[in-house]
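*Asks:* Sharing a structure here in structure tokens format.
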Amino acid sequence: MAQVDITPIQEEHLREVGEFLNVHLNSKFSADAWIQSLTHPWSATRPNYGAQLRDGAKLVGVHCAIYSDQTIEGRVEKFCNPHTWCVLGDYRNHGIGLVLYLIKQRGYHFTMLTPNPKVAEIFRKLKFKDLDTGIAVFFNLPTLRIRREVIVESDKASIAQYLPPAVRRDYELHREIPWLRFLAFGRGEDVCLVVYKTDRWKRMSCARIIHVSDPAVFDRYLPLMRHHLMMREKLVVSRIETRFMQKGPWPVYRMVRTQGKLKLSPTLRDSQIADLYSELASLDI
């Protein structure tokens with residue numbers, strides 16, 4: 001074993017990192033898919049694409065990171081989303097160094113949204129806190145109370161015109177990701193953007209909602225979303241984490257999320273931690 005070093009993943013390393021993850025972690029995603037998941041222009045500045053572990057010239061481990069600038073209550077907040085931690089067996093003792101390299105960077109809020117149980121325990125020991133685990137599932141029901149002046153728009157070419165600037169930026173930065181679906185609904189300037197994936201829940205077609213731009217507007221105009229998803233998209237139920245809602249619908253079936261999701265932030269509430277700027281959006285998972 002030669003000198004083992006931890007260095008940042010830079011653009012010139014991405015091809016090798018993508019191939020490493022395809023071979024050693026998950027062949028479902030091609031090397032190109034891994035690379036594309038890391039290179040969305042979600043931040044004005046990006047110090048790296050994560051951290052890498054090398055034994056001499058040989059790549060033996062990576063911990064990828066997605067950086068983003070997110071507008072929260074009128075402020076631009078900087079996020080680092082470490083994910084996809086993969087280290088070859090003979091080098092596992094060095095793997096924690098990759099984590100520490102990333103979370104010691106200053107000026108970021110950190111999220112870890114898809115850890116396996118063992119990884120989640122490691123991050124908890126590093127002072128990461130669990131996000132609220134509540135999940136709500138409800139039927140998408142048609143309604144007769146739809147007035148002409150309301151907005152219910154799913155056409156990608158038309159959605160942006162109804163969105164306020166910060167929400168429009170979120171939409172424009174994600175609109176070309178093929179597995180994400182978008183719906184804007186509301187009235188006048190009171191519009192909510194929902195981002196979801198199609199899924200199955202108990203053999204029923206499901207909208208798995210991963211982002212709500214405005215929980216208050218979401219609650220006010222929820223019947224519009226439910227009507228559209230049932231009548232136009234043929235999605236029987238919706239599934240959403242309760243931290244993205246204020247009241248939500250009734251009746252509702254409540255569950256507890258078993259997949260760990262964690263944050264390291266001195267100021268942000270659980271409701272302000274978005275799934276949109278993470279591997280949950282950049283990978284088809």
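FYI, nothing fancy with the structure tokens labels: chains A, B, ... in order, residues from 1 per chain, ligands from 1 as they appear.
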With a distance cut-off of 10 Å and only C-alpha atoms, select the neighbouring residues of range 19-27 of chain A, excluding the residue or stretch itself and same-chain residues fewer than 5 positions from it, and output the selection as number ranges by chain.
*Replies:* A: 14, 32-35, 59-62, 84-88
*Asks:* Which range 236-265 of chain A residues have any atom within 12 Å of an atom of range 68-80 of chain A, and for each, what is the nearest pair of atoms with distance in Å to one decimal, counting only C-alpha atoms, rows sorted by chain and number, as a tab-separated table?
*Replies:*
residue	atom	partner	partner_atom	distance
A:Lys263	CA	A:Cys80	CA	10.2
A:Leu264	CA	A:Cys80	CA	9.9
A:Ser265	CA	A:Phe79	CA	9.6
*Asks:* Would you list the contacts of range 212-222 of chain A as an mmCIF file with C-alpha atoms, in the first residue's frame, taking every protein, DNA or RNA residue within 8 Å and counting only C-alpha atoms, but skipping same-chain residues closer than 6 positions in sequence?
*Replies:*
data_model
loop_
_atom_site.group_PDB
_atom_site.id
_atom_site.type_symbol
_atom_site.label_atom_id
_atom_site.label_comp_id
_atom_site.auth_asym_id
_atom_site.auth_seq_id
_atom_site.Cartn_x
_atom_site.Cartn_y
_atom_site.Cartn_z
ATOM 1 C CA VAL A 167 -39.334 29.681 -7.404
ATOM 2 C CA PHE A 185 -51.338 25.720 -9.146
ATOM 3 C CA GLY A 186 -53.055 28.531 -7.289
ATOM 4 C CA ASP A 190 -50.598 33.023 -5.040
ATOM 5 C CA VAL A 191 -49.026 30.011 -6.793
ATOM 6 C CA CYS A 192 -47.323 26.872 -5.518
ATOM 7 C CA LEU A 193 -44.852 24.747 -7.478
ATOM 8 C CA VAL A 194 -44.847 21.030 -6.706
ATOM 9 C CA VAL A 195 -42.129 18.692 -7.976
ATOM 10 C CA PHE A 244 -43.356 20.062 3.538
ATOM 11 C CA MET A 245 -46.943 20.809 4.638
ATOM 12 C CA GLN A 246 -48.689 22.950 7.238
ATOM 13 C CA LYS A 247 -52.059 21.212 7.644
ATOM 14 C CA GLY A 248 -52.450 19.013 4.611
ATOM 15 C CA PRO A 249 -55.566 17.127 3.515
#
*Asks:* If you run DSSP on this backbone, which residues of range 90-218 of chain A come out as helix (DSSP H, G or I), and could you give them as number ranges by chain?
*Replies:* A: 90-94, 96-103, 117-125, 159-162, 165-174, 215-218
*Asks:* For Lys58 in chain A, work out the shell of residues within 12 Å, counting only C-alpha atoms and skipping chain neighbours fewer than 3 positions away, then give it as a VMD selection string.
*Replies:* chain A and resid 1 to 6 13 16 to 17 20 52 to 55 61 to 62 88 91
*Asks:* Leaving out Trp42 in chain A and any residue of its chain fewer than 2 positions from it, which residues lie within 8 Å of it when counting only C-alpha atoms, given as a VMD selection string?
*Replies:* chain A and resid 40 44 67 to 69 173 277
*Asks:* Which of these residues is nearest to Leu280 in chain A, using only C-alpha atoms: A:Leu126, A:Ile210, A:Leu141, A:Ala31?
*Replies:*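 The shortest atom-to-atom distance to Leu280 in chain A comes from A:Ile210.
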*Asks:* Return the single residue from A:Arg232, A:Arg175, A:Ile285, A:His109 that is closest to Pro266 in chain A, with distances computed using only C-alpha atoms.
*Replies:*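 The shortest atom-to-atom distance to Pro266 in chain A comes from A:His109.
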*Asks:* Kindly give the distance, in Å, that separates CA of Arg243 in chain A and CA of Met225 in chain A, rounded to a single decimal.
*Replies:*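 Taking CA of Arg243 in chain A and CA of Met225 in chain A, their separation equals 18.1 Å.
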*Asks:* What lies within 7 Å of Arg254 in chain A using only C-alpha atoms, ignoring chain neighbours under 2 positions off, as a PyMOL selection string?
*Replies:* chain A and resi 135-137+252
*Asks:* Write the residues of the preceding selection, restricted to N, CA and C atoms, as a CSV table (one decimal), in the first residue's frame.
*Replies:*
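Ended up saving to again_7.csv:
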chain,number,residue,atom,x,y,z
A,135,ILE,N,-44.7,11.0,7.2
A,135,ILE,CA,-45.1,10.9,5.8
A,135,ILE,C,-46.6,10.8,5.8
A,136,ALA,N,-47.2,11.6,4.9
A,136,ALA,CA,-48.7,11.5,4.7
A,136,ALA,C,-49.0,11.0,3.3
A,137,VAL,N,-50.0,10.1,3.2
A,137,VAL,CA,-50.5,9.5,2.0
A,137,VAL,C,-52.0,9.8,1.9
A,252,VAL,N,-56.3,11.4,5.8
A,252,VAL,CA,-54.9,11.1,5.4
A,252,VAL,C,-54.4,9.9,6.2
*Asks:* Determine, counting only C-alpha atoms, which protein, DNA and RNA residues have an atom within 9 Å of an atom of Trp179 in chain A; residues of the same chain fewer than 4 positions away are not included. Present the result as a VMD selection string.
*Replies:* chain A and resid 196 to 198 281 283 to 284
*Asks:* Looking at only C-alpha atoms, which of A:Ile240, A:Leu180, A:Val256, A:Val99 is the one that sits closest to Leu276 in chain A?
*Replies:* A:Leu180
*Asks:* Have a look at CA of Tyr171 in chain A and CA of Ile159 in chain A and let me know their distance in Å, one decimal.
*Replies:*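 Straight-line distance from CA of Tyr171 in chain A to CA of Ile159 in chain A works out to 8.5 Å.
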*Asks:* What residues in range 67-224 of chain A get the DSSP label strand (DSSP E)? Please answer as an mmCIF file with N, CA and C atoms, in the first residue's frame.
*Replies:*
data_model
loop_
_atom_site.group_PDB
_atom_site.id
_atom_site.type_symbol
_atom_site.label_atom_id
_atom_site.label_comp_id
_atom_site.auth_asym_id
_atom_site.auth_seq_id
_atom_site.Cartn_x
_atom_site.Cartn_y
_atom_site.Cartn_z
ATOM 1 N N TYR A 67 -23.381 20.771 -4.474
ATOM 2 C CA TYR A 67 -23.437 22.112 -3.887
ATOM 3 C C TYR A 67 -24.585 22.891 -4.519
ATOM 4 N N SER A 68 -25.231 23.709 -3.705
ATOM 5 C CA SER A 68 -26.344 24.501 -4.229
ATOM 6 C C SER A 68 -26.484 25.804 -3.462
ATOM 7 N N ASP A 69 -27.022 26.804 -4.153
ATOM 8 C CA ASP A 69 -27.438 28.071 -3.545
ATOM 9 C C ASP A 69 -28.959 28.065 -3.524
ATOM 10 N N GLN A 70 -29.545 28.175 -2.341
ATOM 11 C CA GLN A 70 -30.994 28.118 -2.201
ATOM 12 C C GLN A 70 -31.501 29.380 -1.513
ATOM 13 N N THR A 71 -32.575 29.932 -2.027
ATOM 14 C CA THR A 71 -33.166 31.132 -1.439
ATOM 15 C C THR A 71 -34.189 30.717 -0.391
ATOM 16 N N ILE A 72 -33.936 31.128 0.858
ATOM 17 C CA ILE A 72 -34.804 30.782 1.977
ATOM 18 C C ILE A 72 -35.163 32.063 2.724
ATOM 19 N N ARG A 75 -33.156 35.049 1.743
ATOM 20 C CA ARG A 75 -31.701 34.957 1.878
ATOM 21 C C ARG A 75 -31.176 33.830 1.006
ATOM 22 N N VAL A 76 -29.978 34.023 0.471
ATOM 23 C CA VAL A 76 -29.315 32.948 -0.256
ATOM 24 C C VAL A 76 -28.473 32.148 0.731
ATOM 25 N N GLU A 77 -28.802 30.884 0.872
ATOM 26 C CA GLU A 77 -28.095 29.983 1.778
ATOM 27 C C GLU A 77 -27.308 28.965 0.952
ATOM 28 N N LYS A 78 -26.106 28.633 1.414
ATOM 29 C CA LYS A 78 -25.226 27.725 0.678
ATOM 30 C C LYS A 78 -25.281 26.333 1.319
ATOM 31 N N PHE A 79 -25.467 25.341 0.474
ATOM 32 C CA PHE A 79 -25.619 23.964 0.937
ATOM 33 C C PHE A 79 -24.554 23.060 0.332
ATOM 34 N N CYS A 80 -24.143 22.084 1.125
ATOM 35 C CA CYS A 80 -23.332 20.967 0.652
ATOM 36 C C CYS A 80 -24.086 19.691 1.005
ATOM 37 N N ASN A 81 -24.316 18.869 0.002
ATOM 38 C CA ASN A 81 -25.061 17.620 0.167
ATOM 39 C C ASN A 81 -24.129 16.432 -0.098
ATOM 40 N N PRO A 82 -23.411 15.953 0.934
ATOM 41 C CA PRO A 82 -22.584 14.752 0.737
ATOM 42 C C PRO A 82 -23.474 13.537 0.468
ATOM 43 N N HIS A 83 -23.059 12.706 -0.448
ATOM 44 C CA HIS A 83 -23.810 11.483 -0.754
ATOM 45 C C HIS A 83 -22.871 10.517 -1.475
ATOM 46 N N THR A 84 -23.333 9.299 -1.659
ATOM 47 C CA THR A 84 -22.605 8.301 -2.435
ATOM 48 C C THR A 84 -21.187 8.117 -1.903
ATOM 49 N N TRP A 85 -21.125 7.476 -0.770
ATOM 50 C CA TRP A 85 -19.857 7.204 -0.073
ATOM 51 C C TRP A 85 -19.455 5.774 -0.391
ATOM 52 N N CYS A 86 -18.387 5.596 -1.126
ATOM 53 C CA CYS A 86 -17.961 4.270 -1.587
ATOM 54 C C CYS A 86 -16.453 4.150 -1.440
ATOM 55 N N VAL A 87 -16.008 3.193 -0.626
ATOM 56 C CA VAL A 87 -14.585 2.966 -0.379
ATOM 57 C C VAL A 87 -14.305 1.476 -0.512
ATOM 58 N N HIS A 109 -24.587 24.769 4.979
ATOM 59 C CA HIS A 109 -25.491 23.858 5.645
ATOM 60 C C HIS A 109 -25.277 22.488 4.985
ATOM 61 N N PHE A 110 -25.313 21.413 5.764
ATOM 62 C CA PHE A 110 -25.057 20.082 5.224
ATOM 63 C C PHE A 110 -26.308 19.211 5.332
ATOM 64 N N THR A 111 -26.533 18.426 4.286
ATOM 65 C CA THR A 111 -27.618 17.458 4.296
ATOM 66 C C THR A 111 -27.078 16.097 3.892
ATOM 67 N N MET A 112 -27.655 15.057 4.463
ATOM 68 C CA MET A 112 -27.332 13.668 4.098
ATOM 69 C C MET A 112 -28.671 12.960 3.997
ATOM 70 N N LYS A 129 -28.404 15.880 12.748
ATOM 71 C CA LYS A 129 -29.688 15.645 13.393
ATOM 72 C C LYS A 129 -30.686 15.072 12.387
ATOM 73 N N ASP A 130 -31.545 14.183 12.873
ATOM 74 C CA ASP A 130 -32.564 13.588 12.015
ATOM 75 C C ASP A 130 -33.640 14.602 11.662
ATOM 76 N N GLY A 134 -42.197 12.086 9.552
ATOM 77 C CA GLY A 134 -43.590 11.888 9.182
ATOM 78 C C GLY A 134 -43.822 11.866 7.678
ATOM 79 N N ILE A 135 -44.695 10.981 7.246
ATOM 80 C CA ILE A 135 -45.115 10.884 5.841
ATOM 81 C C ILE A 135 -46.634 10.833 5.803
ATOM 82 N N ALA A 136 -47.222 11.555 4.862
ATOM 83 C CA ALA A 136 -48.668 11.547 4.662
ATOM 84 C C ALA A 136 -48.982 10.977 3.287
ATOM 85 N N VAL A 137 -49.977 10.105 3.240
ATOM 86 C CA VAL A 137 -50.474 9.550 1.977
ATOM 87 C C VAL A 137 -51.964 9.844 1.893
ATOM 88 N N PHE A 138 -52.406 10.378 0.757
ATOM 89 C CA PHE A 138 -53.824 10.718 0.613
ATOM 90 C C PHE A 138 -54.267 10.481 -0.825
ATOM 91 N N PHE A 139 -55.551 10.255 -0.976
ATOM 92 C CA PHE A 139 -56.107 10.020 -2.306
ATOM 93 C C PHE A 139 -56.201 11.332 -3.083
ATOM 94 N N VAL A 150 -58.366 30.325 -11.680
ATOM 95 C CA VAL A 150 -57.295 29.601 -11.005
ATOM 96 C C VAL A 150 -56.277 29.085 -12.025
ATOM 97 N N ILE A 151 -55.094 28.757 -11.517
ATOM 98 C CA ILE A 151 -53.998 28.256 -12.345
ATOM 99 C C ILE A 151 -53.754 26.799 -11.990
ATOM 100 N N VAL A 152 -53.739 25.944 -13.008
ATOM 101 C CA VAL A 152 -53.326 24.546 -12.848
ATOM 102 C C VAL A 152 -52.532 24.214 -14.101
ATOM 103 N N GLU A 153 -51.220 24.259 -13.997
ATOM 104 C CA GLU A 153 -50.374 24.171 -15.190
ATOM 105 C C GLU A 153 -49.274 23.132 -15.010
ATOM 106 N N ARG A 181 -41.336 15.637 -12.465
ATOM 107 C CA ARG A 181 -42.552 16.199 -13.041
ATOM 108 C C ARG A 181 -42.967 17.408 -12.211
ATOM 109 N N PHE A 182 -43.615 18.362 -12.872
ATOM 110 C CA PHE A 182 -43.865 19.664 -12.256
ATOM 111 C C PHE A 182 -45.334 20.051 -12.402
ATOM 112 N N LEU A 183 -45.831 20.734 -11.374
ATOM 113 C CA LEU A 183 -47.187 21.254 -11.423
ATOM 114 C C LEU A 183 -47.237 22.576 -10.665
ATOM 115 N N ALA A 184 -47.742 23.621 -11.335
ATOM 116 C CA ALA A 184 -47.972 24.919 -10.697
ATOM 117 C C ALA A 184 -49.478 25.108 -10.548
ATOM 118 N N PHE A 185 -49.907 25.530 -9.347
ATOM 119 C CA PHE A 185 -51.338 25.720 -9.146
ATOM 120 C C PHE A 185 -51.576 26.799 -8.096
ATOM 121 N N GLY A 186 -52.714 27.449 -8.215
ATOM 122 C CA GLY A 186 -53.055 28.531 -7.289
ATOM 123 C C GLY A 186 -53.950 29.544 -7.968
ATOM 124 N N ARG A 187 -53.772 30.794 -7.555
ATOM 125 C CA ARG A 187 -54.620 31.851 -8.103
ATOM 126 C C ARG A 187 -53.840 33.158 -8.129
ATOM 127 N N ASP A 190 -50.612 33.983 -6.154
ATOM 128 C CA ASP A 190 -50.598 33.023 -5.040
ATOM 129 C C ASP A 190 -50.480 31.612 -5.633
ATOM 130 N N VAL A 191 -49.247 31.247 -6.035
ATOM 131 C CA VAL A 191 -49.026 30.011 -6.793
ATOM 132 C C VAL A 191 -47.987 29.140 -6.096
ATOM 133 N N CYS A 192 -48.253 27.853 -6.085
ATOM 134 C CA CYS A 192 -47.323 26.872 -5.518
ATOM 135 C C CYS A 192 -46.771 25.994 -6.636
ATOM 136 N N LEU A 193 -45.482 25.701 -6.578
ATOM 137 C CA LEU A 193 -44.852 24.747 -7.478
ATOM 138 C C LEU A 193 -44.607 23.448 -6.714
ATOM 139 N N VAL A 194 -45.092 22.362 -7.265
ATOM 140 C CA VAL A 194 -44.847 21.030 -6.706
ATOM 141 C C VAL A 194 -43.990 20.253 -7.695
ATOM 142 N N VAL A 195 -42.973 19.572 -7.173
ATOM 143 C CA VAL A 195 -42.129 18.692 -7.976
ATOM 144 C C VAL A 195 -42.331 17.277 -7.444
ATOM 145 N N TYR A 196 -42.578 16.346 -8.362
ATOM 146 C CA TYR A 196 -42.849 14.983 -7.912
ATOM 147 C C TYR A 196 -42.280 13.964 -8.893
ATOM 148 N N LYS A 197 -42.220 12.726 -8.425
ATOM 149 C CA LYS A 197 -41.879 11.579 -9.257
ATOM 150 C C LYS A 197 -43.063 10.625 -9.255
ATOM 151 N N THR A 198 -43.231 9.882 -10.315
ATOM 152 C CA THR A 198 -44.282 8.867 -10.331
ATOM 153 C C THR A 198 -43.737 7.586 -9.713
ATOM 154 N N ASP A 199 -44.613 6.910 -8.986
ATOM 155 C CA ASP A 199 -44.185 5.764 -8.189
ATOM 156 C C ASP A 199 -45.382 4.843 -8.012
ATOM 157 N N ARG A 200 -45.208 3.793 -7.199
ATOM 158 C CA ARG A 200 -46.303 2.921 -6.807
ATOM 159 C C ARG A 200 -46.380 2.874 -5.290
ATOM 160 N N TRP A 201 -47.601 2.888 -4.757
ATOM 161 C CA TRP A 201 -47.806 2.729 -3.319
ATOM 162 C C TRP A 201 -48.959 1.764 -3.129
ATOM 163 N N MET A 204 -50.967 1.029 -6.102
ATOM 164 C CA MET A 204 -51.670 2.153 -6.716
ATOM 165 C C MET A 204 -50.674 3.144 -7.298
ATOM 166 N N SER A 205 -51.034 3.757 -8.416
ATOM 167 C CA SER A 205 -50.185 4.785 -9.005
ATOM 168 C C SER A 205 -50.086 5.964 -8.047
ATOM 169 N N CYS A 206 -48.878 6.520 -7.925
ATOM 170 C CA CYS A 206 -48.613 7.473 -6.850
ATOM 171 C C CYS A 206 -47.760 8.634 -7.346
ATOM 172 N N ALA A 207 -48.080 9.838 -6.868
ATOM 173 C CA ALA A 207 -47.211 11.006 -7.042
ATOM 174 C C ALA A 207 -46.374 11.125 -5.773
ATOM 175 N N ARG A 208 -45.080 10.861 -5.876
ATOM 176 C CA ARG A 208 -44.185 10.986 -4.718
ATOM 177 C C ARG A 208 -43.618 12.398 -4.735
ATOM 178 N N ILE A 209 -44.163 13.263 -3.921
ATOM 179 C CA ILE A 209 -43.826 14.687 -3.937
ATOM 180 C C ILE A 209 -42.504 14.912 -3.215
ATOM 181 N N ILE A 210 -41.552 15.559 -3.897
ATOM 182 C CA ILE A 210 -40.246 15.798 -3.290
ATOM 183 C C ILE A 210 -39.990 17.282 -3.025
ATOM 184 N N HIS A 211 -40.905 18.145 -3.483
ATOM 185 C CA HIS A 211 -40.690 19.578 -3.246
ATOM 186 C C HIS A 211 -42.008 20.330 -3.303
ATOM 187 N N VAL A 212 -42.192 21.231 -2.345
ATOM 188 C CA VAL A 212 -43.336 22.149 -2.295
ATOM 189 C C VAL A 212 -42.773 23.551 -2.103
#
